[in-house]
>>> print(open('work.cif').read())   # mmCIF, C-alpha atoms
data_my_file
loop_
_atom_site.label_atom_id
_atom_site.label_comp_id
_atom_site.auth_asym_id
_atom_site.auth_seq_id
_atom_site.Cartn_x
_atom_site.Cartn_y
_atom_site.Cartn_z
CA MET A 1 102.22 106.34 83.86
CA PHE A 2 103.84 109.06 85.97
CA ASP A 3 105.73 110.12 82.85
CA LYS A 4 102.95 109.72 80.32
CA LEU A 5 99.91 111.13 82.13
CA PRO A 6 99.73 114.85 83.02
CA MET A 7 99.70 115.19 86.79
CA TYR A 8 98.39 118.37 88.45
CA GLN A 9 100.36 117.62 91.61
CA ARG A 10 103.58 118.07 89.64
CA ILE A 11 102.88 120.38 86.71
CA GLY A 12 99.81 122.36 87.74
CA SER A 13 97.24 123.87 85.37
CA ALA A 14 98.45 122.03 82.26
CA ALA A 15 97.03 118.83 83.75
CA TYR A 16 93.62 120.30 84.64
CA LYS A 17 90.55 119.33 82.59
CA ALA A 18 87.37 121.37 82.92
CA ASP A 19 84.90 118.57 82.18
CA LEU A 20 83.97 115.03 83.22
CA LEU A 21 83.79 113.55 79.72
CA GLN A 22 86.97 111.50 79.92
CA THR A 23 86.21 110.26 83.44
CA THR A 24 82.74 109.20 82.26
CA ARG A 25 84.28 107.30 79.34
CA LEU A 26 86.83 105.68 81.63
CA LEU A 27 84.23 104.51 84.14
CA ASP A 28 82.09 103.18 81.30
CA LEU A 29 85.12 101.20 80.11
CA LEU A 30 85.55 99.80 83.63
CA GLY A 31 81.89 98.81 83.93
CA ASN A 32 80.95 101.76 86.16
CA PRO A 33 82.46 100.41 89.38
CA GLN A 34 81.35 103.54 91.29
CA ARG A 35 77.81 102.13 91.26
CA GLN A 36 78.89 99.00 93.10
CA PHE A 37 79.76 100.46 96.51
CA THR A 38 78.29 102.90 99.02
CA SER A 39 80.15 106.16 99.46
CA VAL A 40 80.46 109.47 101.31
CA HIS A 41 81.72 112.42 99.25
CA ILE A 42 83.81 115.15 100.90
CA ALA A 43 84.82 118.52 99.45
CA GLY A 44 86.07 121.79 100.93
CA THR A 45 89.03 124.13 100.89
CA ASN A 46 90.63 122.96 104.13
CA GLY A 47 90.11 120.01 106.44
CA LYS A 48 88.63 117.57 103.97
CA GLY A 49 91.57 115.19 104.34
CA SER A 50 91.40 115.18 108.13
CA VAL A 51 87.59 114.79 108.10
CA SER A 52 87.83 111.93 105.59
CA HIS A 53 90.38 110.09 107.70
CA MET A 54 88.41 110.62 110.93
CA ILE A 55 85.22 109.20 109.41
CA ALA A 56 87.12 106.26 107.89
CA ALA A 57 88.88 105.47 111.17
CA VAL A 58 85.59 105.27 113.10
CA LEU A 59 83.83 103.13 110.50
CA GLN A 60 86.87 100.88 110.29
CA GLU A 61 86.86 100.53 114.09
CA ALA A 62 83.16 99.62 113.88
CA GLY A 63 84.07 96.64 111.69
CA TYR A 64 83.12 97.93 108.25
CA LYS A 65 85.39 97.25 105.31
CA THR A 66 86.22 100.90 104.74
CA ALA A 67 87.81 102.36 101.62
CA LEU A 68 89.46 105.75 101.49
CA TYR A 69 90.31 107.81 98.40
CA THR A 70 92.35 110.98 99.05
CA SER A 71 94.84 113.24 97.29
CA PRO A 72 97.56 114.29 96.91
CA HIS A 73 99.93 111.68 98.28
CA LEU A 74 103.02 112.49 100.31
CA LYS A 75 105.47 109.63 99.78
CA ASP A 76 103.81 106.86 97.77
CA PHE A 77 101.18 107.18 95.04
CA ARG A 78 99.34 104.25 96.63
CA GLU A 79 98.51 106.37 99.70
CA ARG A 80 95.58 107.71 97.68
CA ILE A 81 93.83 104.34 97.55
CA ARG A 82 93.35 102.43 100.81
CA ILE A 83 91.11 99.81 102.35
CA ASN A 84 91.11 99.56 106.14
CA GLY A 85 94.23 101.71 106.16
CA GLU A 86 96.21 99.45 103.81
CA MET A 87 97.44 100.89 100.53
CA ILE A 88 96.43 99.24 97.28
CA PRO A 89 99.00 96.46 96.60
CA GLU A 90 101.62 97.16 93.95
CA GLU A 91 100.54 94.13 91.94
CA ASN A 92 97.01 95.56 91.66
CA VAL A 93 98.40 98.85 90.36
CA VAL A 94 100.60 97.09 87.81
CA SER A 95 97.90 94.73 86.57
CA PHE A 96 95.36 97.54 86.24
CA ILE A 97 97.72 99.71 84.18
CA GLU A 98 98.90 96.78 82.03
CA LYS A 99 95.30 95.83 81.28
CA TYR A 100 94.18 99.32 80.27
CA GLN A 101 97.38 101.11 79.22
CA GLN A 102 96.49 101.38 75.54
CA ASP A 103 93.04 102.69 76.45
CA PHE A 104 94.51 105.30 78.80
CA GLU A 105 96.91 106.55 76.15
CA ARG A 106 94.22 106.61 73.48
CA MET A 107 91.83 108.51 75.77
CA GLN A 108 94.59 110.94 76.83
CA LEU A 109 93.62 110.73 80.48
CA SER A 110 95.09 112.88 83.19
CA PHE A 111 96.87 111.19 86.07
CA PHE A 112 94.00 112.09 88.41
CA GLU A 113 91.37 110.62 86.08
CA MET A 114 93.32 107.36 85.84
CA THR A 115 93.77 107.26 89.62
CA VAL A 116 90.05 107.74 90.28
CA GLY A 117 89.25 104.92 87.88
CA MET A 118 91.82 102.67 89.54
CA ALA A 119 90.43 103.43 93.00
CA PHE A 120 86.81 102.81 92.08
CA ASP A 121 87.70 99.59 90.22
CA TYR A 122 89.64 98.35 93.25
CA PHE A 123 86.93 99.28 95.75
CA ALA A 124 84.28 97.49 93.69
CA ALA A 125 86.42 94.37 93.21
CA GLU A 126 87.14 94.23 96.94
CA LYS A 127 83.43 94.66 97.78
CA VAL A 128 83.98 97.37 100.37
CA ASP A 129 81.14 98.27 102.72
CA ILE A 130 81.70 101.99 102.31
CA ALA A 131 84.17 104.32 100.58
CA ILE A 132 85.08 107.76 101.87
CA VAL A 133 85.91 109.75 98.74
CA GLU A 134 87.67 113.12 98.91
CA THR A 135 87.52 115.49 95.96
CA GLY A 136 90.79 116.57 94.40
CA MET A 137 89.85 120.17 93.56
CA GLY A 138 86.53 121.99 93.59
CA GLY A 139 83.70 119.53 93.20
CA ARG A 140 81.43 120.16 90.22
CA LEU A 141 84.04 119.12 87.64
CA ASP A 142 86.10 116.85 89.87
CA SER A 143 86.55 113.30 88.57
CA THR A 144 85.21 111.91 91.84
CA ASN A 145 81.86 113.62 91.22
CA LEU A 146 80.47 110.67 89.28
CA ILE A 147 79.64 108.81 92.48
CA VAL A 148 76.16 109.03 93.99
CA PRO A 149 76.93 108.97 97.71
CA VAL A 150 74.71 108.57 100.76
CA LEU A 151 76.08 111.84 102.14
CA SER A 152 77.82 114.91 100.71
CA VAL A 153 80.08 116.98 102.97
CA VAL A 154 81.69 120.39 102.42
CA THR A 155 84.09 121.33 105.20
CA ASN A 156 84.56 125.06 104.54
CA ILE A 157 85.32 127.61 101.84
CA GLY A 158 88.53 129.61 101.45
CA TYR A 159 90.69 131.08 98.73
CA ASP A 160 92.54 128.34 96.84
CA HIS A 161 92.86 127.22 93.21
CA MET A 162 91.25 130.52 92.24
CA GLN A 163 92.39 130.26 88.61
CA PHE A 164 90.00 127.30 88.26
CA LEU A 165 87.28 127.84 90.87
CA GLY A 166 86.73 131.60 90.85
CA ASN A 167 88.09 134.62 92.69
CA THR A 168 85.32 135.13 95.24
CA LEU A 169 84.13 132.89 98.05
CA PRO A 170 80.59 132.56 96.58
CA LEU A 171 82.04 131.43 93.24
CA ILE A 172 84.30 128.90 94.95
CA ALA A 173 81.38 127.71 97.09
CA ALA A 174 79.27 127.19 93.98
CA GLU A 175 81.95 124.91 92.55
CA LYS A 176 82.17 122.92 95.80
CA ALA A 177 78.37 122.71 95.93
CA GLY A 178 78.53 120.99 92.57
CA ILE A 179 78.77 117.70 94.49
CA PHE A 180 75.19 118.11 95.82
CA LYS A 181 72.78 115.54 94.39
CA PRO A 182 69.02 114.94 94.61
CA ASN A 183 67.93 113.25 97.85
CA VAL A 184 71.53 112.99 99.11
CA PRO A 185 71.75 114.85 102.45
CA VAL A 186 74.37 117.60 102.72
CA ILE A 187 76.54 118.54 105.71
CA ILE A 188 78.40 121.88 105.71
CA GLY A 189 81.15 121.94 108.32
CA GLU A 190 81.49 125.65 108.94
CA THR A 191 78.78 128.30 108.72
CA GLN A 192 80.20 131.21 106.74
CA ALA A 193 77.95 134.22 106.16
CA GLU A 194 79.38 134.95 102.70
CA VAL A 195 78.48 131.56 101.28
CA ARG A 196 75.64 130.14 103.39
CA SER A 197 72.97 131.24 100.91
CA VAL A 198 74.92 129.66 98.03
CA PHE A 199 74.76 126.28 99.72
CA GLU A 200 71.12 126.63 100.79
CA GLN A 201 70.02 127.67 97.29
CA LYS A 202 71.95 124.83 95.64
CA ALA A 203 70.45 122.28 98.04
CA ALA A 204 66.99 123.60 97.25
CA ASP A 205 67.68 123.54 93.51
CA VAL A 206 68.78 119.90 93.45
CA GLY A 207 66.17 118.77 95.97
CA THR A 208 67.99 117.75 99.12
CA THR A 209 68.35 118.64 102.78
CA ILE A 210 71.21 120.63 104.26
CA ASP A 211 72.61 120.88 107.80
CA PHE A 212 75.42 123.03 109.15
CA ALA A 213 77.55 120.95 111.51
CA ASP A 214 78.54 123.86 113.76
CA GLN A 215 74.86 124.72 114.30
CA ILE A 216 74.23 121.25 115.74
CA PHE A 217 77.54 120.14 117.25
CA ASP A 218 80.18 121.94 119.28
CA ALA A 219 83.51 120.79 120.71
CA ASN A 220 85.25 122.33 123.70
CA ARG A 221 88.98 121.63 123.74
CA LEU A 222 90.17 120.59 127.20
CA ASP A 223 93.46 121.66 128.74
CA THR A 224 94.75 118.09 128.70
CA ALA A 225 96.53 118.10 125.34
CA SER A 226 99.72 116.07 125.12
CA LEU A 227 102.19 115.43 122.32
CA GLN A 228 100.14 112.37 121.38
CA ALA A 229 96.52 113.58 121.48
CA GLN A 230 94.06 116.25 122.51
CA GLU A 231 90.71 115.92 124.28
CA PHE A 232 87.33 117.50 123.64
CA ASP A 233 83.93 117.58 125.23
CA VAL A 234 81.46 117.24 122.35
CA TRP A 235 77.97 118.69 122.48
CA LYS A 236 74.92 118.05 120.29
CA ASN A 237 72.08 120.56 120.45
CA SER A 238 73.55 121.90 123.72
CA GLN A 239 73.62 118.43 125.29
CA LEU A 240 76.94 116.87 126.29
CA ILE A 241 77.16 113.60 124.37
CA TYR A 242 80.87 112.69 124.48
CA GLU A 243 83.00 113.62 127.46
CA LYS A 244 86.79 113.73 127.18
CA LEU A 245 86.78 112.46 123.61
CA GLU A 246 90.38 111.85 122.60
CA LEU A 247 91.59 112.82 119.12
CA SER A 248 95.01 111.64 118.00
CA LEU A 249 95.34 114.43 115.42
CA LEU A 250 97.06 117.47 116.89
CA GLY A 251 96.46 121.16 116.27
CA GLN A 252 93.68 123.32 117.65
CA TYR A 253 92.36 123.74 114.10
CA GLN A 254 91.11 120.13 114.29
CA LYS A 255 88.19 121.29 116.45
CA MET A 256 86.08 122.23 113.43
CA ASN A 257 87.12 119.09 111.57
CA LEU A 258 86.08 117.00 114.57
CA THR A 259 82.57 118.50 114.74
CA THR A 260 82.18 118.05 110.97
CA ALA A 261 83.24 114.40 111.16
CA VAL A 262 81.02 113.64 114.16
CA CYS A 263 78.07 115.30 112.43
CA ALA A 264 78.66 113.28 109.27
CA LEU A 265 78.93 110.04 111.22
CA ASP A 266 75.76 110.89 113.12
CA LYS A 267 73.97 111.51 109.82
CA ILE A 268 74.82 108.08 108.38
CA SER A 269 74.48 106.16 111.66
CA ALA A 270 71.18 104.58 110.60
CA LEU A 271 72.94 103.00 107.62
CA PHE A 272 76.25 102.36 109.39
CA PRO A 273 75.63 102.00 113.13
CA PHE A 274 78.57 102.49 115.46
CA SER A 275 79.03 102.56 119.22
CA GLU A 276 80.63 105.19 121.40
CA LYS A 277 83.47 102.72 121.88
CA ASP A 278 83.95 102.60 118.09
CA LEU A 279 83.99 106.40 117.93
CA ARG A 280 86.55 106.68 120.70
CA GLY A 281 88.69 103.90 119.30
CA GLY A 282 88.70 105.37 115.80
CA LEU A 283 89.33 109.00 116.71
CA GLY A 284 91.91 108.04 119.31
CA ASP A 285 94.08 106.36 116.69
CA VAL A 286 93.30 108.03 113.35
CA SER A 287 96.79 108.15 111.88
CA ARG A 288 97.71 104.54 112.59
CA LYS A 289 94.39 103.20 111.34
CA THR A 290 94.28 105.24 108.14
CA GLY A 291 97.88 106.18 107.37
CA LEU A 292 97.31 109.93 107.62
CA MET A 293 100.49 112.03 107.64
CA GLY A 294 101.40 115.69 107.56
CA ARG A 295 98.77 117.18 109.86
CA TRP A 296 100.65 118.92 112.70
CA GLN A 297 102.98 115.94 112.62
CA ILE A 298 105.70 115.95 115.27
CA LEU A 299 109.00 114.78 113.81
CA GLY A 300 111.25 115.45 116.77
CA ARG A 301 111.54 116.93 120.25
CA GLN A 302 114.18 119.15 121.87
CA PRO A 303 114.01 121.01 119.63
CA MET A 304 110.36 120.49 118.74
CA VAL A 305 110.08 119.73 115.01
CA ILE A 306 106.66 120.00 113.38
CA ALA A 307 105.42 119.59 109.81
CA ASP A 308 102.02 120.62 108.48
CA THR A 309 100.61 120.59 104.96
CA GLY A 310 98.50 123.75 105.36
CA HIS A 311 99.25 125.73 102.21
CA ASN A 312 96.58 128.34 101.52
CA GLU A 313 95.53 131.47 103.42
CA ALA A 314 92.92 129.81 105.62
CA GLY A 315 95.02 126.74 106.34
CA LEU A 316 98.17 128.71 107.13
CA LYS A 317 96.23 131.08 109.37
CA GLU A 318 95.30 128.16 111.62
CA VAL A 319 98.84 126.78 111.56
CA LEU A 320 100.37 130.16 112.43
CA TYR A 321 97.95 130.60 115.33
CA GLN A 322 99.02 127.22 116.64
CA LEU A 323 102.70 128.16 116.34
CA GLN A 324 102.05 131.42 118.17
CA GLN A 325 100.55 129.51 121.10
CA MET A 326 103.77 127.52 121.49
CA ARG A 327 105.80 130.64 122.44
CA ALA A 328 109.06 129.22 121.14
CA LYS A 329 112.30 130.94 122.06
CA GLN A 330 113.08 131.03 118.32
CA LEU A 331 111.05 129.78 115.39
CA HIS A 332 112.99 128.21 112.52
CA PHE A 333 110.72 128.09 109.46
CA VAL A 334 111.56 125.79 106.53
CA LEU A 335 109.48 127.36 103.77
CA GLY A 336 108.68 126.38 100.21
CA LEU A 337 105.71 127.37 98.06
CA VAL A 338 104.29 126.39 94.69
CA ASN A 339 104.34 128.87 91.87
CA ASP A 340 100.57 129.00 91.29
CA LYS A 341 99.69 130.35 94.75
CA GLN A 342 99.12 133.99 95.65
CA VAL A 343 102.60 134.27 97.10
CA ASP A 344 102.35 137.83 98.39
CA LYS A 345 99.17 137.11 100.36
CA ILE A 346 100.84 134.16 102.03
CA LEU A 347 104.13 135.93 102.77
CA GLN A 348 102.45 138.89 104.43
CA MET A 349 100.86 136.48 106.93
CA LEU A 350 104.13 134.95 108.11
CA PRO A 351 105.91 136.00 111.34
CA ARG A 352 108.83 138.42 110.88
CA HIS A 353 110.64 137.20 113.97
CA ALA A 354 111.24 133.72 112.51
CA GLN A 355 114.48 132.56 110.91
CA TYR A 356 113.63 131.34 107.41
CA TYR A 357 115.15 128.53 105.36
CA PHE A 358 113.92 129.05 101.80
CA CYS A 359 113.77 126.01 99.54
CA LYS A 360 112.01 124.50 96.54
CA ALA A 361 110.25 121.15 96.51
CA ASP A 362 111.49 118.78 93.82
CA ILE A 363 108.52 119.29 91.47
CA PRO A 364 108.08 121.56 88.42
CA ARG A 365 105.38 123.56 90.26
CA GLY A 366 107.80 124.52 93.02
CA LEU A 367 108.61 128.23 93.32
CA ASN A 368 112.30 128.98 92.81
CA ALA A 369 113.90 129.41 96.24
CA ASN A 370 115.88 132.51 95.25
CA LEU A 371 112.74 134.17 93.93
CA LEU A 372 110.88 133.18 97.09
CA SER A 373 113.63 134.72 99.21
CA GLU A 374 113.49 137.96 97.22
CA GLN A 375 109.73 138.23 97.55
CA ALA A 376 109.90 137.36 101.25
CA PHE A 377 112.47 140.12 101.82
CA VAL A 378 109.87 142.69 100.76
CA PHE A 379 107.70 141.55 103.67
CA GLY A 380 110.50 141.67 106.21
CA LEU A 381 111.18 137.93 106.24
CA ARG A 382 114.87 137.07 106.57
CA GLY A 383 116.74 133.85 105.98
CA GLU A 384 119.00 131.79 103.74
CA VAL A 385 118.36 129.97 100.48
CA TYR A 386 119.00 126.22 100.21
CA GLU A 387 119.25 124.03 97.14
CA THR A 388 116.98 121.30 98.49
CA VAL A 389 114.27 120.85 101.09
CA TRP A 390 116.44 118.31 102.85
CA SER A 391 119.41 120.68 103.19
CA ALA A 392 117.11 123.43 104.49
CA TYR A 393 115.56 121.03 106.99
CA HIS A 394 118.92 119.85 108.30
CA ALA A 395 120.24 123.40 108.59
CA ALA A 396 117.19 124.37 110.61
CA ARG A 397 117.57 121.40 112.95
CA ASN A 398 121.27 122.06 113.41
CA ASN A 399 120.72 125.75 114.16
CA ALA A 400 117.81 125.25 116.54
CA GLY A 401 118.36 125.44 120.28
CA PHE A 402 116.86 123.16 122.90
CA ASP A 403 113.83 125.46 123.45
CA ASP A 404 113.31 126.42 119.80
CA VAL A 405 110.72 125.16 117.31
CA VAL A 406 111.46 124.00 113.78
CA PHE A 407 108.47 124.16 111.45
CA ILE A 408 108.30 122.72 107.92
CA GLY A 409 105.50 123.92 105.68
CA GLY A 410 104.06 126.18 103.03
CA SER A 411 103.46 123.33 100.61
CA THR A 412 102.34 119.71 100.74
CA PHE A 413 105.34 118.86 98.59
CA VAL A 414 107.86 120.40 101.00
CA VAL A 415 106.37 118.38 103.84
CA ALA A 416 106.44 115.24 101.71
CA GLU A 417 110.20 115.37 101.44
CA VAL A 418 110.81 115.28 105.21
CA VAL A 419 108.06 113.16 106.80
#
>>> encode(input="work.cif", output="structure tokens")
Amino acid sequence: MFDKLPMYQRIGSAAYKADLLQTTRLLDLLGNPQRQFTSVHIAGTNGKGSVSHMIAAVLQEAGYKTALYTSPHLKDFRERIRINGEMIPEENVVSFIEKYQQDFERMQLSFFEMTVGMAFDYFAAEKVDIAIVETGMGGRLDSTNLIVPVLSVVTNIGYDHMQFLGNTLPLIAAEKAGIFKPNVPVIIGETQAEVRSVFEQKAADVGTTIDFADQIFDANRLDTASLQAQEFDVWKNSQLIYEKLELSLLGQYQKMNLTTAVCALDKISALFPFSEKDLRGGLGDVSRKTGLMGRWQILGRQPMVIADTGHNEAGLKEVLYQLQQMRAKQLHFVLGLVNDKQVDKILQMLPRHAQYYFCKADIPRGLNANLLSEQAFVFGLRGEVYETVWSAYHAARNNAGFDDVVFIGGSTFVVAEVV
């Protein structure tokens, strides 16, 4: 199916379909499994993966049979489809494809459409209590948008996938707001002046309520961060509700994701009650409970080696701020990009003092490393070109001193090859 179905993760725009017709037909074929479980729907430019995993970890800790659908995967396709942190078994994948293979080929499904159908079929068969469903791209035309959830969440809006979603923040926000549904409450993670009215108008048009998480909740990061976790005091309506709340996901940029997740959990707490102990237990062990990888993930120490999947302007801005705070003696940056990003905008953000190791992820969408090096040179970025991500990674580790930092990023697919 990897070979036969077009996959956006690998080939880009050729796999994109601007309608839900085929997904609708697929779910009809499967008996509309999306109607057989409760769900929360999460969209946004950045942070939706972290927020999805935080919510799932807490609900899982509270004893609910919790499903999680996310994309893309890093190492194994089955990462996209999990229940209580466990990937869908290989035999389920094989039996599903064998049963419907002729239908898939006749319908000319994309890889993403097939995966959504597989996930929803599996969640329904396993009778999950709740599924946390992350959109793949946008929202309005995303294959996941055929669920009717109990809560819709949009984390934030930034510039990404502009060839599909629009070239202004209001246009992108309108696409994300396409997940809003009548009488399904909406949570917006970050209040952004440019797009607030877009969300408020869409909520009014479909007939639902809307809350902005950062208007209700706040999180103060404490100076107790370690290499395993960070701590926050969390406030609701100016009242301290959680003191020294530990979050196992690193990176200061997780502050906004934390308030969004806590707000979402608070909103569904009447349907899915949880205790403070459940919240602390879930957030204190997100990665192990859910299998999350690639978010400020520490791969080594002395030198410090970090990988992060931030890959657009807003995501990289947060990552670069975090790197700046580390004050490394020398930063060694293993960098690869995909060829459908606004490369110049990304390159002009990157630090000139770093030593770069230019590479290309092993996917068709990967930007040629020599071309990347040439474009980076224009922006004062200096380094060597490597044939593979792995050779670039090893060169960086070998060159790094005891007090240096090695960072791997620029693309989810570069990170996937080293974590």
>>> atom_distance(input="work.cif", atom1="atom CA of Arg295 of chain A", atom2="atom CA of Glu134 of chain A")
16.1 Å
>>> resolve_selection(input="work.cif", expression="the PyMOL selection byres ((chain A and resi 335-340) around 7)", output="MDAnalysis selection string")
chainID A and resid 333:334 341:342 356:361 365:367 408:411 414
>>> write_last_selection(input="work.cif", atoms="C-alpha atoms", output="PDB file, in the coordinates of the input")
ATOM      1  CA  PHE A 333     110.720 128.090 109.460  1.00  0.00           C
ATOM      2  CA  VAL A 334     111.560 125.790 106.530  1.00  0.00           C
ATOM      3  CA  LYS A 341      99.690 130.350  94.750  1.00  0.00           C
ATOM      4  CA  GLN A 342      99.120 133.990  95.650  1.00  0.00           C
ATOM      5  CA  TYR A 356     113.630 131.340 107.410  1.00  0.00           C
ATOM      6  CA  TYR A 357     115.150 128.530 105.360  1.00  0.00           C
ATOM      7  CA  PHE A 358     113.920 129.050 101.800  1.00  0.00           C
ATOM      8  CA  CYS A 359     113.770 126.010  99.540  1.00  0.00           C
ATOM      9  CA  LYS A 360     112.010 124.500  96.540  1.00  0.00           C
ATOM     10  CA  ALA A 361     110.250 121.150  96.510  1.00  0.00           C
ATOM     11  CA  ARG A 365     105.380 123.560  90.260  1.00  0.00           C
ATOM     12  CA  GLY A 366     107.800 124.520  93.020  1.00  0.00           C
ATOM     13  CA  LEU A 367     108.610 128.230  93.320  1.00  0.00           C
ATOM     14  CA  ILE A 408     108.300 122.720 107.920  1.00  0.00           C
ATOM     15  CA  GLY A 409     105.500 123.920 105.680  1.00  0.00           C
ATOM     16  CA  GLY A 410     104.060 126.180 103.030  1.00  0.00           C
ATOM     17  CA  SER A 411     103.460 123.330 100.610  1.00  0.00           C
ATOM     18  CA  VAL A 414     107.860 120.400 101.000  1.00  0.00           C
TER      19      VAL A 414
END
>>> residues_around(input="work.cif", residues="Ala125 of chain A", least_positions_apart="3", cutoff="9 Å", atoms="all atoms listed in the file", output="ChimeraX atom specification")
/A:33,36,120-122,128
>>> resolve_selection(input="work.cif", expression="the PyMOL selection byres ((chain A and resi 104) around 10)", output="list of chain:residue names")
A:Met1, A:Lys4, A:Leu5, A:Gln22, A:Leu26, A:Ile97, A:Lys99, A:Tyr100, A:Gln101, A:Gln102, A:Asp103, A:Glu105, A:Arg106, A:Met107, A:Gln108, A:Leu109, A:Ser110, A:Phe111, A:Glu113, A:Met114
>>> resolve_selection(input="work.cif", expression="the PyMOL selection byres ((chain A and resi 147) around 8)", output="VMD selection string")
chain A and resid 34 to 35 39 41 144 to 146 148 to 149
>>> closest_atom_pairs(input="work.cif", of="segment 179-248 of chain A", to="segment 43-54 of chain A", cutoff="12 Å", atoms="all atoms listed in the file", output="CSV")
residue,atom,partner,partner_atom,distance
A:Ile179,CA,A:Ala43,CA,7.9
A:Phe180,CA,A:Ala43,CA,10.3
A:Val186,CA,A:Ala43,CA,11.0
A:Ile187,CA,A:Ala43,CA,10.4
A:Ile188,CA,A:Gly44,CA,9.0
A:Gly189,CA,A:Gly44,CA,8.9
A:Glu190,CA,A:Gly44,CA,10.0
A:Glu246,CA,A:Met54,CA,11.9
A:Leu247,CA,A:Met54,CA,9.1
A:Ser248,CA,A:Met54,CA,9.7
